[in-house]
Amino acid sequence: MSHLSRRRFLSLSSAAMAAAVMPRLSFAAGQTLAEIKASGELKIGCEASYVPFTYRDDSGKIVGYDVELAEAFCKALGVKANFIDTAWAGVIPSLYAKKFDIVMSSMSYTKERLERVGFTIPYAEASQALLVRAADKDKIKTASDLNGRLLGVKLGSPGQILEEKIDASLKAAGGSGFKEVRTFDDHPAAYMALAQNRVDGVLNTLPTLAMVLKDAPGKYALVKNMGADNWAGIAARKEDSEIIAFLNGQLQHMKADGSLYKLQEKWFGLRMSLSDKIPALS
């Protein structure tokens, strides 16, 4: 099971636990910025195994895009960033148990999460994209160019669910749909099949595919806008509105001065398209 699909599975399996925690805490007083400043640190929950958002380097230190972004927030607050490595299944219950103040670990927006936590505006993309060979970048520019082509997906991944929708939309528009969809046990096997001309494209999330491009310059290209747009936000307890407002202000400032996009180019090799609003999910 891939990291992303495992996260999706664990988020569903832990929903009952979080639901049990929420009612007891729904009327709690919100934490203030003054309290965080007094503590001298912003405690941040993460799963430190998701390159390049939050992961451990060779020395065991937690590093990544989220870490540098959090350090910028903390500089404005005059406190230190303290990342706390937590199993993904328990990250929201741990947030409400006040083991940390916020969660930063590329938490994408879902209907279930929007009901359980308070979110900031987007700080990273989490949409599906298509990896193609660099030689095909002028031939495959949109989903409509996939008629009659071979697609690669990981078994059980969000991409496998999306390919059914894409295939249906291609046929509804009068196209032939995919020639064939080939499933793989993991994404690296699908990337290898792409390089060997056994498939014409592979679906995965944009941040993950951006790292594939970065690690193999000139070998592949990206096609965006595969399915509905989605992003990742920073999560906090619903009652902590002052913290959420502060983080939103910081994100807006860093978008305006370009520093957020410089961090993205450093860690992902590209600049992400970010909505200014939390998506409405039904």
# chains A, B, ... in the order shown; residues from 1 in each chain; ligands from 1
>>> residues_around(residues="region 184-201 of chain A", least_positions_apart="6", cutoff="12 Å", atoms="only C-alpha atoms", output="PyMOL selection string")
chain A and resi 1-5+129-137+139-143+145-160+163+178+208-209+212-213+216+218-223+226
>>> write_last_selection(atoms="C-alpha atoms", output="PDB file, in the first residue's frame")
ATOM      1  CA  MET A   1       0.000   0.000   0.000  1.00  0.00           C
ATOM      2  CA  SER A   2       1.479   3.366  -1.002  1.00  0.00           C
ATOM      3  CA  HIS A   3       2.023   6.113   1.516  1.00  0.00           C
ATOM      4  CA  LEU A   4      -0.858   8.195   0.153  1.00  0.00           C
ATOM      5  CA  SER A   5      -3.361   5.358  -0.153  1.00  0.00           C
ATOM      6  CA  ALA A 129      -1.586  14.546 -12.268  1.00  0.00           C
ATOM      7  CA  LEU A 130      -0.287  12.403 -15.113  1.00  0.00           C
ATOM      8  CA  LEU A 131       3.342  11.445 -15.631  1.00  0.00           C
ATOM      9  CA  VAL A 132       4.286  11.023 -19.309  1.00  0.00           C
ATOM     10  CA  ARG A 133       7.531  10.563 -21.194  1.00  0.00           C
ATOM     11  CA  ALA A 134       9.267  13.830 -22.051  1.00  0.00           C
ATOM     12  CA  ALA A 135       9.119  12.841 -25.732  1.00  0.00           C
ATOM     13  CA  ASP A 136       5.307  12.792 -25.507  1.00  0.00           C
ATOM     14  CA  LYS A 137       4.804  16.140 -23.767  1.00  0.00           C
ATOM     15  CA  LYS A 139       1.258  14.770 -27.770  1.00  0.00           C
ATOM     16  CA  ILE A 140      -0.393  14.320 -24.370  1.00  0.00           C
ATOM     17  CA  LYS A 141      -1.435  17.682 -22.954  1.00  0.00           C
ATOM     18  CA  THR A 142      -4.911  16.994 -21.571  1.00  0.00           C
ATOM     19  CA  ALA A 143      -7.081  14.057 -20.538  1.00  0.00           C
ATOM     20  CA  ASP A 145      -5.326  13.034 -25.473  1.00  0.00           C
ATOM     21  CA  LEU A 146      -5.552   9.721 -23.632  1.00  0.00           C
ATOM     22  CA  ASN A 147      -8.072   8.165 -26.024  1.00  0.00           C
ATOM     23  CA  GLY A 148      -6.634   4.883 -27.333  1.00  0.00           C
ATOM     24  CA  ARG A 149      -3.632   5.018 -25.000  1.00  0.00           C
ATOM     25  CA  LEU A 150      -2.294   2.740 -22.274  1.00  0.00           C
ATOM     26  CA  LEU A 151      -2.593   4.003 -18.710  1.00  0.00           C
ATOM     27  CA  GLY A 152      -0.688   2.810 -15.653  1.00  0.00           C
ATOM     28  CA  VAL A 153      -2.094   2.993 -12.112  1.00  0.00           C
ATOM     29  CA  LYS A 154      -1.180   1.550  -8.742  1.00  0.00           C
ATOM     30  CA  LEU A 155      -3.603  -1.053  -7.442  1.00  0.00           C
ATOM     31  CA  GLY A 156      -5.850   0.465  -4.782  1.00  0.00           C
ATOM     32  CA  SER A 157      -4.601   4.018  -5.270  1.00  0.00           C
ATOM     33  CA  PRO A 158      -6.721   7.164  -5.778  1.00  0.00           C
ATOM     34  CA  GLY A 159      -5.462   7.080  -9.374  1.00  0.00           C
ATOM     35  CA  GLN A 160      -7.234   3.785  -9.955  1.00  0.00           C
ATOM     36  CA  GLU A 163      -9.080   6.445 -14.172  1.00  0.00           C
ATOM     37  CA  PHE A 178      -8.311   4.013 -22.761  1.00  0.00           C
ATOM     38  CA  THR A 208       4.819  12.962  -5.635  1.00  0.00           C
ATOM     39  CA  LEU A 209       5.218  13.173  -9.406  1.00  0.00           C
ATOM     40  CA  VAL A 212       9.942  11.958  -9.833  1.00  0.00           C
ATOM     41  CA  LEU A 213      10.642  14.762 -12.309  1.00  0.00           C
ATOM     42  CA  ALA A 216      15.119  12.225 -13.214  1.00  0.00           C
ATOM     43  CA  GLY A 218      14.622  15.515 -18.707  1.00  0.00           C
ATOM     44  CA  LYS A 219      13.116  12.012 -18.609  1.00  0.00           C
ATOM     45  CA  TYR A 220       9.452  12.759 -17.892  1.00  0.00           C
ATOM     46  CA  ALA A 221       6.871  15.533 -18.120  1.00  0.00           C
ATOM     47  CA  LEU A 222       3.722  16.372 -16.132  1.00  0.00           C
ATOM     48  CA  VAL A 223       0.137  16.839 -17.262  1.00  0.00           C
ATOM     49  CA  MET A 226      -6.492  15.234 -14.036  1.00  0.00           C
TER      50      MET A 226
END
>>> closest_residue(among="A:Ala81, A:Leu274, A:Ala38, A:Val91", to="Gly233 (chain A)", atoms="only C-alpha atoms")
A:Leu274
>>> residues_around(residues="Gly249 (chain A)", least_positions_apart="2", cutoff="12 Å", atoms="only C-alpha atoms", output="number ranges by chain")
A: 73, 76, 120-123, 242-247, 251-256, 276
>>> select_by_dssp(residues="region 19-242 of chain A", states="helix (DSSP H, G or I)", output="ChimeraX atom specification")
/A:19-25,33-39,65-77,88-96,111-116,134-136,143-146,158-172,187-195,206-215,241-242
>>> closest_residue(among="A:Ile84, A:Val51, A:Val117, A:Leu69", to="Ala236 (chain A)", atoms="only C-alpha atoms")
A:Val117
>>> select_by_dssp(residues="region 16-257 of chain A", states="strand (DSSP E or B)", output="MDAnalysis selection string")
chainID A and resid 41:46 49:50 54:56 62:63 80:85 102:108 118:119 124:125 128:133 150:154 180:184 201:205 220:223 231:236
>>> closest_residue(among="A:Leu270, A:Ile161, A:Ala172, A:Ile92", to="Lys214 (chain A)", atoms="only C-alpha atoms")
A:Leu270
